[in-house]
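Data file: final-v2.txt. Format and content: compact mmCIF, C-alpha atoms and all ligand atoms.
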```
# COMPACT_ATOMS: atom_id res chain seq x y z
CA MET A 1 17.47 -5.44 -21.75
CA ASN A 2 15.14 -6.36 -18.94
CA GLN A 3 13.59 -3.36 -17.23
CA ARG A 4 14.00 -3.16 -13.48
CA LEU A 5 11.57 -0.96 -11.57
CA PHE A 6 12.91 0.61 -8.37
CA THR A 7 9.47 2.12 -7.78
CA PRO A 8 6.65 1.71 -5.28
CA GLY A 9 4.45 -0.05 -7.83
CA PRO A 10 3.69 -1.11 -10.40
CA LEU A 11 6.95 -2.88 -9.84
CA THR A 12 9.10 -5.66 -11.22
CA THR A 13 7.13 -8.92 -11.18
CA ASP A 14 8.24 -12.54 -11.26
CA THR A 15 7.91 -14.29 -14.65
CA ARG A 16 5.58 -16.80 -12.98
CA VAL A 17 3.22 -13.95 -12.02
CA ARG A 18 3.07 -12.59 -15.57
CA SER A 19 2.78 -16.11 -17.05
CA ALA A 20 -0.24 -16.82 -14.83
CA MET A 21 -2.21 -14.40 -17.04
CA LEU A 22 -2.01 -16.44 -20.26
CA PHE A 23 -5.51 -17.90 -20.06
CA ASP A 24 -9.04 -16.69 -20.78
CA TRP A 25 -11.17 -17.47 -17.76
CA GLY A 26 -14.95 -17.19 -17.95
CA SER A 27 -15.94 -14.90 -15.10
CA ARG A 28 -18.96 -17.05 -14.09
CA ASP A 29 -17.11 -20.36 -14.48
CA ALA A 30 -16.47 -22.64 -11.50
CA GLN A 31 -12.72 -22.51 -12.18
CA PHE A 32 -12.64 -18.73 -11.83
CA ILE A 33 -14.94 -18.77 -8.78
CA ALA A 34 -12.43 -21.13 -7.13
CA LEU A 35 -9.61 -18.77 -8.07
CA SER A 36 -11.51 -15.81 -6.55
CA ASN A 37 -12.10 -17.83 -3.37
CA GLU A 38 -8.41 -18.63 -3.14
CA LEU A 39 -7.63 -14.94 -3.67
CA ARG A 40 -9.90 -13.87 -0.79
CA VAL A 41 -8.54 -16.47 1.64
CA ARG A 42 -4.92 -15.74 0.77
CA LEU A 43 -5.45 -11.98 1.17
CA LEU A 44 -6.91 -12.58 4.64
CA ASP A 45 -3.99 -14.80 5.60
CA VAL A 46 -1.47 -12.05 4.80
CA VAL A 47 -2.83 -10.14 7.82
CA ASN A 48 -3.99 -13.13 9.93
CA GLY A 49 -7.58 -12.03 9.46
CA ARG A 50 -9.55 -15.28 9.19
CA THR A 51 -11.32 -15.03 12.54
CA GLY A 52 -13.12 -11.72 12.40
CA HIS A 53 -12.58 -10.20 8.93
CA VAL A 54 -13.41 -10.73 5.26
CA ALA A 55 -11.30 -9.72 2.25
CA ILE A 56 -13.20 -7.90 -0.48
CA PRO A 57 -11.24 -7.37 -3.70
CA ILE A 58 -12.39 -4.56 -5.95
CA GLN A 59 -11.58 -3.67 -9.57
CA GLY A 60 -9.19 -0.74 -9.95
CA SER A 61 -6.06 0.70 -8.39
CA GLY A 62 -5.47 1.22 -4.68
CA THR A 63 -7.37 4.51 -4.60
CA PHE A 64 -10.55 2.71 -5.69
CA ALA A 65 -10.21 0.48 -2.62
CA LEU A 66 -9.74 3.54 -0.40
CA GLU A 67 -12.84 5.19 -1.85
CA ALA A 68 -14.82 1.96 -1.42
CA MET A 69 -13.63 1.72 2.20
CA ALA A 70 -14.66 5.29 3.01
CA ALA A 71 -17.93 5.12 1.07
CA THR A 72 -19.00 1.85 2.70
CA LEU A 73 -17.84 2.42 6.27
CA VAL A 74 -18.17 6.17 6.93
CA GLY A 75 -21.71 7.49 6.87
CA PRO A 76 -23.34 10.94 7.08
CA GLU A 77 -23.87 10.37 10.81
CA HIS A 78 -20.12 9.84 11.35
CA LYS A 79 -17.04 12.03 11.60
CA LEU A 80 -13.63 10.94 10.35
CA LEU A 81 -10.31 12.04 11.83
CA VAL A 82 -7.45 11.62 9.34
CA LEU A 83 -3.85 11.51 10.60
CA VAL A 84 -1.76 13.22 7.92
CA ASN A 85 2.00 13.24 7.36
CA GLY A 86 2.13 13.06 3.58
CA THR A 87 0.23 13.13 0.29
CA TYR A 88 -1.63 9.87 0.84
CA GLY A 89 -2.96 10.97 4.22
CA ARG A 90 -4.20 14.16 2.58
CA ARG A 91 -5.79 12.07 -0.17
CA LEU A 92 -7.72 10.04 2.42
CA ALA A 93 -9.18 13.29 3.76
CA THR A 94 -10.04 14.42 0.21
CA ILE A 95 -11.80 11.14 -0.52
CA ALA A 96 -14.03 11.49 2.55
CA GLN A 97 -14.69 15.18 1.79
CA ARG A 98 -15.72 14.36 -1.78
CA LEU A 99 -18.17 11.84 -0.32
CA GLY A 100 -19.63 14.70 1.69
CA ARG A 101 -18.49 13.23 5.02
CA ALA A 102 -17.47 15.25 8.08
CA VAL A 103 -13.67 15.22 8.15
CA GLU A 104 -11.07 16.55 10.57
CA THR A 105 -7.30 16.24 10.13
CA ILE A 106 -4.24 16.37 12.37
CA GLU A 107 -1.06 17.13 10.44
CA TRP A 108 2.60 16.40 11.11
CA PRO A 109 5.62 17.40 9.05
CA GLU A 110 6.49 14.87 6.32
CA ASP A 111 9.52 13.59 8.24
CA VAL A 112 7.71 13.07 11.56
CA PRO A 113 5.66 9.96 12.36
CA VAL A 114 2.13 10.24 13.74
CA ASP A 115 2.33 10.73 17.49
CA THR A 116 -0.29 8.93 19.51
CA THR A 117 -0.52 11.47 22.34
CA ARG A 118 -1.96 14.04 19.94
CA VAL A 119 -4.36 11.42 18.59
CA ALA A 120 -5.56 10.50 22.08
CA ASP A 121 -6.02 14.19 22.95
CA ALA A 122 -8.00 14.86 19.76
CA LEU A 123 -10.29 11.89 20.42
CA ALA A 124 -10.86 12.98 24.00
CA ALA A 125 -11.61 16.55 22.89
CA ASP A 126 -14.13 15.72 20.16
CA ARG A 127 -16.75 13.10 21.01
CA LEU A 128 -18.27 13.47 17.54
CA ILE A 129 -15.32 11.70 15.94
CA THR A 130 -16.33 8.10 15.23
CA HIS A 131 -13.59 6.92 12.83
CA VAL A 132 -9.83 7.44 12.51
CA ALA A 133 -7.86 6.88 9.29
CA VAL A 134 -4.10 6.58 8.91
CA VAL A 135 -1.54 5.60 6.28
CA HIS A 136 0.70 2.80 7.59
CA CYS A 137 3.72 3.49 5.36
CA GLU A 138 3.53 6.98 3.79
CA THR A 139 4.92 6.50 0.31
CA THR A 140 5.47 10.26 -0.02
CA THR A 141 8.68 9.85 1.97
CA GLY A 142 8.77 6.17 3.01
CA ILE A 143 8.05 6.97 6.67
CA LEU A 144 6.53 4.30 8.90
CA ASN A 145 3.67 5.26 11.20
CA PRO A 146 3.36 3.35 14.51
CA LEU A 147 0.29 1.29 13.57
CA ASN A 148 -0.01 -0.86 16.69
CA ALA A 149 0.28 2.12 19.05
CA ILE A 150 -2.28 4.08 16.99
CA ALA A 151 -4.66 1.10 16.98
CA THR A 152 -4.38 0.78 20.75
CA VAL A 153 -5.16 4.47 21.33
CA VAL A 154 -8.11 4.42 18.91
CA ALA A 155 -9.56 1.22 20.40
CA ARG A 156 -9.16 2.54 23.95
CA ALA A 157 -11.16 5.61 22.91
CA GLY A 158 -13.83 3.33 21.46
CA ARG A 159 -13.43 4.54 17.86
CA VAL A 160 -13.09 2.66 14.57
CA LEU A 161 -9.71 2.51 12.76
CA LEU A 162 -9.31 2.48 8.96
CA VAL A 163 -5.83 1.85 7.56
CA ASP A 164 -4.29 2.63 4.19
CA ALA A 165 -1.81 -0.26 4.13
CA MET A 166 -1.18 0.09 0.40
CA ALA A 167 2.62 0.24 0.69
CA SER A 168 3.00 -2.14 3.64
CA PHE A 169 0.57 -5.02 3.02
CA GLY A 170 2.55 -8.20 2.33
CA ALA A 171 5.76 -7.11 4.01
CA LEU A 172 5.34 -5.08 7.19
CA PRO A 173 3.63 -6.89 10.07
CA ILE A 174 -0.14 -6.41 10.44
CA ASP A 175 -1.88 -8.96 12.68
CA LEU A 176 -5.64 -8.52 12.76
CA ALA A 177 -6.01 -11.25 15.41
CA VAL A 178 -4.19 -9.06 17.94
CA THR A 179 -4.40 -5.48 16.63
CA PRO A 180 -7.84 -3.82 16.69
CA ILE A 181 -8.28 -2.58 13.10
CA ALA A 182 -11.70 -2.36 11.45
CA ALA A 183 -10.47 -2.11 7.86
CA VAL A 184 -7.22 -2.41 5.93
CA ALA A 185 -6.95 -1.28 2.30
CA ALA A 186 -4.27 -2.62 -0.03
CA SER A 187 -3.58 -3.33 -3.69
CA SER A 188 -2.22 -6.07 -5.93
CA ASN A 189 0.84 -4.25 -7.21
CA LYS A 190 3.00 -3.28 -4.24
CA CYS A 191 4.49 -5.65 -1.63
CA VAL A 192 2.22 -8.45 -2.88
CA GLU A 193 4.35 -8.18 -6.07
CA GLY A 194 1.42 -8.74 -8.41
CA VAL A 195 0.36 -6.77 -11.47
CA PRO A 196 -1.79 -3.63 -11.14
CA GLY A 197 -5.57 -3.73 -11.40
CA LEU A 198 -6.95 -4.89 -8.05
CA GLY A 199 -7.63 -3.10 -4.82
CA VAL A 200 -8.68 -4.91 -1.66
CA VAL A 201 -10.32 -3.94 1.59
CA ILE A 202 -10.17 -6.32 4.53
CA VAL A 203 -13.06 -5.48 6.82
CA GLU A 204 -14.22 -6.64 10.22
CA LYS A 205 -17.38 -8.71 9.66
CA ALA A 206 -19.42 -7.00 12.39
CA ILE A 207 -18.61 -3.55 10.96
CA LEU A 208 -19.44 -4.64 7.41
CA ASN A 209 -22.78 -6.06 8.53
CA GLU A 210 -23.74 -2.63 9.88
CA SER A 211 -22.79 -1.04 6.56
CA GLU A 212 -25.40 -2.52 4.23
CA GLY A 213 -26.88 0.11 1.94
CA ARG A 214 -24.65 2.95 3.15
CA SER A 215 -22.36 3.47 0.15
CA PRO A 216 -23.59 6.28 -2.09
CA SER A 217 -21.70 4.54 -4.94
CA LEU A 218 -22.94 1.35 -6.59
CA SER A 219 -19.59 0.09 -7.87
CA LEU A 220 -17.69 1.06 -4.72
CA ASP A 221 -20.01 -0.75 -2.31
CA LEU A 222 -18.08 -3.35 -0.31
CA ALA A 223 -21.14 -4.66 1.54
CA ASP A 224 -22.98 -5.31 -1.71
CA GLN A 225 -19.95 -7.04 -3.27
CA GLN A 226 -19.42 -9.18 -0.16
CA ARG A 227 -23.06 -10.29 -0.25
CA GLU A 228 -22.47 -11.50 -3.82
CA PHE A 229 -19.23 -13.31 -2.89
CA LYS A 230 -21.09 -15.00 -0.03
CA THR A 231 -24.06 -16.14 -2.08
CA SER A 232 -22.59 -16.95 -5.52
CA GLY A 233 -18.82 -16.53 -5.12
CA GLN A 234 -19.00 -14.09 -8.04
CA TRP A 235 -18.03 -10.53 -8.81
CA ARG A 236 -20.89 -8.10 -9.46
CA PHE A 237 -19.17 -6.47 -12.44
CA THR A 238 -16.58 -7.73 -14.96
CA PRO A 239 -13.61 -8.96 -12.93
CA PRO A 240 -10.07 -8.46 -14.27
CA VAL A 241 -9.70 -12.24 -14.58
CA GLN A 242 -6.03 -12.23 -15.61
CA VAL A 243 -5.14 -9.83 -12.78
CA VAL A 244 -6.93 -12.09 -10.30
CA ALA A 245 -4.91 -15.07 -11.59
CA ALA A 246 -1.65 -13.12 -11.39
CA THR A 247 -2.45 -11.92 -7.87
CA VAL A 248 -3.22 -15.46 -6.69
CA GLU A 249 0.11 -16.61 -8.14
CA ALA A 250 1.88 -13.68 -6.44
CA LEU A 251 0.26 -14.63 -3.11
CA ARG A 252 1.37 -18.25 -3.57
CA LEU A 253 4.92 -17.00 -4.15
CA LEU A 254 4.64 -14.81 -1.04
CA GLU A 255 3.72 -17.89 1.00
CA ALA A 256 6.53 -19.93 -0.61
CA GLU A 257 9.01 -17.19 0.29
CA GLY A 258 8.03 -17.54 3.95
CA GLY A 259 5.23 -14.96 4.13
CA PRO A 260 5.54 -11.28 5.04
CA PRO A 261 8.35 -11.82 7.65
CA ALA A 262 10.66 -13.36 5.02
CA ARG A 263 9.73 -10.72 2.47
CA LEU A 264 10.51 -8.00 4.99
CA VAL A 265 13.99 -9.47 5.55
CA ARG A 266 14.64 -9.29 1.80
CA TYR A 267 13.33 -5.71 1.56
CA LYS A 268 15.47 -4.65 4.53
CA ARG A 269 18.54 -6.07 2.80
CA ASN A 270 17.63 -4.14 -0.38
CA TYR A 271 17.07 -0.93 1.57
CA GLU A 272 20.37 -1.26 3.47
CA ARG A 273 22.23 -1.80 0.18
CA VAL A 274 20.61 1.27 -1.39
CA ARG A 275 21.21 3.43 1.69
CA GLU A 276 24.86 2.40 2.03
CA GLY A 277 25.55 2.70 -1.68
CA LEU A 278 23.92 6.08 -2.23
CA THR A 279 25.08 7.74 1.00
CA ALA A 280 28.64 6.65 0.14
CA LEU A 281 28.22 8.61 -3.13
CA GLY A 282 27.10 11.74 -1.28
CA TYR A 283 23.31 11.44 -1.53
CA ALA A 284 21.59 11.95 1.82
CA LEU A 285 18.76 9.83 3.17
CA TYR A 286 15.90 12.30 3.77
CA LEU A 287 14.38 10.56 6.81
CA ASP A 288 15.93 9.68 10.11
CA PRO A 289 16.74 5.95 9.68
CA THR A 290 14.77 5.11 12.85
CA VAL A 291 11.47 6.13 11.19
CA GLN A 292 12.28 4.81 7.69
CA ALA A 293 10.34 1.77 6.40
CA PRO A 294 12.35 -0.54 4.08
CA ILE A 295 9.85 0.00 1.27
CA ILE A 296 10.83 3.19 -0.50
CA ALA A 297 13.63 5.59 0.42
CA THR A 298 13.82 9.32 -0.33
CA PHE A 299 17.23 10.85 -1.07
CA ARG A 300 18.46 14.42 -1.28
CA PRO A 301 20.85 15.18 -4.17
CA GLN A 302 24.61 15.40 -3.77
CA PRO A 303 25.26 18.91 -2.34
CA SER A 304 28.35 19.38 -4.54
CA ARG A 305 26.65 19.26 -7.95
CA PRO A 306 23.56 20.47 -9.78
CA PHE A 307 20.56 18.15 -9.72
CA ASN A 308 18.06 17.50 -12.46
CA PHE A 309 15.74 14.54 -11.92
CA ASP A 310 14.91 14.09 -15.60
CA VAL A 311 18.58 13.87 -16.50
CA LEU A 312 19.29 11.40 -13.69
CA TYR A 313 16.22 9.36 -14.67
CA SER A 314 17.17 9.09 -18.33
CA ARG A 315 20.79 8.18 -17.59
CA LEU A 316 19.63 5.26 -15.39
CA ALA A 317 16.74 4.33 -17.69
CA ARG A 318 19.20 3.77 -20.54
CA ASP A 319 20.37 0.74 -18.51
CA GLY A 320 16.77 -0.31 -17.83
CA LEU A 321 16.89 0.99 -14.25
CA MET A 322 13.79 2.99 -13.32
CA ILE A 323 13.82 5.19 -10.23
CA TYR A 324 11.02 7.43 -8.93
CA PRO A 325 10.72 11.20 -8.57
CA GLY A 326 10.61 12.83 -5.15
CA LYS A 327 7.32 14.07 -3.72
CA LEU A 328 8.45 16.36 -0.92
CA THR A 329 6.64 19.67 -0.48
CA ALA A 330 10.02 21.46 -0.35
CA GLY A 331 13.37 20.76 -1.94
CA GLU A 332 14.81 18.46 -4.57
CA ALA A 333 14.69 14.72 -3.99
CA PHE A 334 14.27 11.36 -5.68
CA ARG A 335 13.02 8.01 -4.43
CA VAL A 336 14.26 4.45 -4.77
CA GLY A 337 11.86 1.57 -4.22
CA CYS A 338 13.23 -1.43 -2.32
CA ILE A 339 10.36 -3.78 -3.22
CA GLY A 340 9.51 -6.07 -6.14
CA ALA A 341 10.89 -9.24 -7.67
CA LEU A 342 14.45 -7.93 -7.75
CA THR A 343 17.64 -9.72 -6.77
CA ASP A 344 20.72 -8.59 -4.85
CA ALA A 345 22.44 -8.33 -8.24
CA ASP A 346 19.77 -5.86 -9.45
CA PHE A 347 20.44 -3.57 -6.47
CA GLU A 348 24.18 -3.95 -7.06
CA ALA A 349 23.61 -2.91 -10.68
CA LEU A 350 21.68 0.18 -9.56
CA ILE A 351 24.44 1.28 -7.17
CA GLN A 352 27.06 0.66 -9.87
CA ALA A 353 25.04 2.77 -12.32
CA PHE A 354 24.83 5.64 -9.80
CA ALA A 355 28.58 5.35 -9.18
CA SER A 356 29.35 5.52 -12.88
CA LEU A 357 27.44 8.82 -13.25
CA ASP A 358 30.34 10.63 -11.55
C1 LIG B 1 0.13 3.38 -3.95
C2 LIG B 1 -0.56 3.98 -2.80
C3 LIG B 1 -1.92 4.27 -2.85
C4 LIG B 1 -2.82 3.99 -4.03
O1 LIG B 1 -2.39 4.51 -5.20
P1 LIG B 1 -2.98 4.00 -6.60
O2 LIG B 1 -2.20 4.82 -7.57
O3 LIG B 1 -4.42 4.27 -6.63
O4 LIG B 1 -2.69 2.54 -6.68
C5 LIG B 1 -2.51 4.78 -1.71
N1 LIG B 1 -1.80 4.97 -0.58
C6 LIG B 1 -0.49 4.69 -0.50
C7 LIG B 1 0.22 4.91 0.79
C8 LIG B 1 0.17 4.19 -1.61
O5 LIG B 1 1.49 3.90 -1.52
```

Could I get this file's structure written as structure tokens?
Amino acid sequence: MNQRLFTPGPLTTDTRVRSAMLFDWGSRDAQFIALSNELRVRLLDVVNGRTGHVAIPIQGSGTFALEAMAATLVGPEHKLLVLVNGTYGRRLATIAQRLGRAVETIEWPEDVPVDTTRVADALAADRLITHVAVVHCETTTGILNPLNAIATVVARAGRVLLVDAMASFGALPIDLAVTPIAAVAASSNKCVEGVPGLGVVIVEKAILNESEGRSPSLSLDLADQQREFKTSGQWRFTPPVQVVAATVEALRLLEAEGGPPARLVRYKRNYERVREGLTALGYALYLDPTVQAPIIATFRPQPSRPFNFDVLYSRLARDGLMIYPGKLTAGEAFRVGCIGALTDADFEALIQAFASLD
């Protein structure tokens, strides 16, 4: 039985993406250099970034890209303000703290989006803040933060914006030609629908040029890696060649689908099916639907019966249907991912499986 992952990633991938890995590329070979070039251009195109940005892929999961972003772009002379309404926002603050950087946070409850008035006030009150970091779609709950409004406020205050777009990149709209964002971090295994193993940071060229020699980490130095891509087209350290090939194939499929707008339509349809199906069975959507991104949805258990996530998980897993645990600070919950190479029939099967638990 084929496994279907209703998770935020790694997620279900297309057979063509997995098949793209069946070759042993030499990392210094012209063929692989061409593949890496295609990867970098396609990543830029996802966010319309060709004019002012470069895409720098980095070995590892998404967190490695976030650490590389913070290490390369935030220096000891800077101060970072992190906008927090979930675990990943908190993690951004932790990353900068571990690097020894000056960090300030503003926190909101997990079910409340970042509000730009508070951000504007904080920036006006503290002139020492140079950078602002925010999570676009907070995977903790699935909440969507108002990226364009945040970017406008940060740019108006003359500060630099860093975005964790891990759960949104490839589906939710990000247009670097119109929205002032210095850096966007993403990974291969979420809305890009590739396999895990690659992070990416898309950085404004002018900002990257000022960042030479700043990273206290050798491996997580985006400026150093970009210099190598520019001069030789090569990776500094062993690239995950098969993952690069799979990610390129996934990005080709994204383009063939119609790009992020078409993918978003599909994810919205998945999310609506999940929401209708599970609320009809008595599960409650945790977030107000107006702030919910169609990426991953958090549900409260049916009030009428006892809830045990492990039991629910194993019942569904017997049919090859994998859901995700909740991550709320208070109360029982579980999450259902709406992303990945899944069909309408797969979502129908999930709802049917939930219905047959009763
Ligand atoms: C997945 C994710 C990350 C990165 O997690 P990894 O496990 O390192 O891939 C970071 N931020 C958000 C919002 C995410 O959804």

Check which residues fall inside 6 Å of ligand LIG 1 (chain B) when counting only C-alpha atoms and all ligand atoms, and print them as JSON, numbers by chain.
{"A": [61, 62, 63, 88, 135, 137, 138, 139, 164, 166, 167]}

Nearest candidate to A:Gln234 (options A:Val291, A:Ile33, A:Ala102, A:Leu198; using all atoms listed in the file)
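Answer, going by the shortest atom-to-atom distance: A:Ile33.
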
What separation in Å, quoted to one decimal, exists between atom CA of A:Pro240 and atom CA of A:Glu255?
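Atom CA of A:Pro240 sits 22.6 Å away from atom CA of A:Glu255.
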
Atomic separation - atom CA of A:Ile129 relative to atom CA of A:Val103, Å
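Separation between atom CA of A:Val103 and atom CA of A:Ile129: 8.7 Å.
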
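For the choices A:Gly52, A:Pro306, A:Pro57, A:Pro301, the atom-to-atom distance to A:Gly331 is smallest for A:Pro301 when using all atoms listed in the file.
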
May I have the residues at most 12 Å from (24.7, -1.2, 1.1) in the file's coordinates, counting all atoms listed in the file, as a PDB file with C-alpha atoms, in the coordinates of the input?
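Result file is point.pdb:
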```pdb
ATOM      1  CA  LYS A 268      15.470  -4.650   4.530  1.00  0.00           C
ATOM      2  CA  ARG A 269      18.540  -6.070   2.800  1.00  0.00           C
ATOM      3  CA  ASN A 270      17.630  -4.140  -0.380  1.00  0.00           C
ATOM      4  CA  TYR A 271      17.070  -0.930   1.570  1.00  0.00           C
ATOM      5  CA  GLU A 272      20.370  -1.260   3.470  1.00  0.00           C
ATOM      6  CA  ARG A 273      22.230  -1.800   0.180  1.00  0.00           C
ATOM      7  CA  VAL A 274      20.610   1.270  -1.390  1.00  0.00           C
ATOM      8  CA  ARG A 275      21.210   3.430   1.690  1.00  0.00           C
ATOM      9  CA  GLU A 276      24.860   2.400   2.030  1.00  0.00           C
ATOM     10  CA  GLY A 277      25.550   2.700  -1.680  1.00  0.00           C
ATOM     11  CA  LEU A 278      23.920   6.080  -2.230  1.00  0.00           C
ATOM     12  CA  THR A 279      25.080   7.740   1.000  1.00  0.00           C
ATOM     13  CA  ALA A 280      28.640   6.650   0.140  1.00  0.00           C
ATOM     14  CA  LEU A 281      28.220   8.610  -3.130  1.00  0.00           C
ATOM     15  CA  CYS A 338      13.230  -1.430  -2.320  1.00  0.00           C
ATOM     16  CA  ASP A 344      20.720  -8.590  -4.850  1.00  0.00           C
ATOM     17  CA  ALA A 345      22.440  -8.330  -8.240  1.00  0.00           C
ATOM     18  CA  PHE A 347      20.440  -3.570  -6.470  1.00  0.00           C
ATOM     19  CA  GLU A 348      24.180  -3.950  -7.060  1.00  0.00           C
ATOM     20  CA  ALA A 349      23.610  -2.910 -10.680  1.00  0.00           C
ATOM     21  CA  LEU A 350      21.680   0.180  -9.560  1.00  0.00           C
ATOM     22  CA  ILE A 351      24.440   1.280  -7.170  1.00  0.00           C
ATOM     23  CA  GLN A 352      27.060   0.660  -9.870  1.00  0.00           C
TER      24      GLN A 352
END
```

Nearest to A:Pro180, restricted to all atoms listed in the file and choosing among A:Glu193, A:Glu67, A:Glu204, A:Glu210, comes out as A:Glu204

Using all atoms listed in the file, determine which residues lie at most 10 Å from A:Arg18, disregarding the query and same-chain residues fewer than 6 positions distant; provide the list as a list in words.
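Everything that qualifies: Gly194, Val195, Gln242, Val243, Ala245, Ala246, Thr247, Glu249 and Ala250 of chain A.
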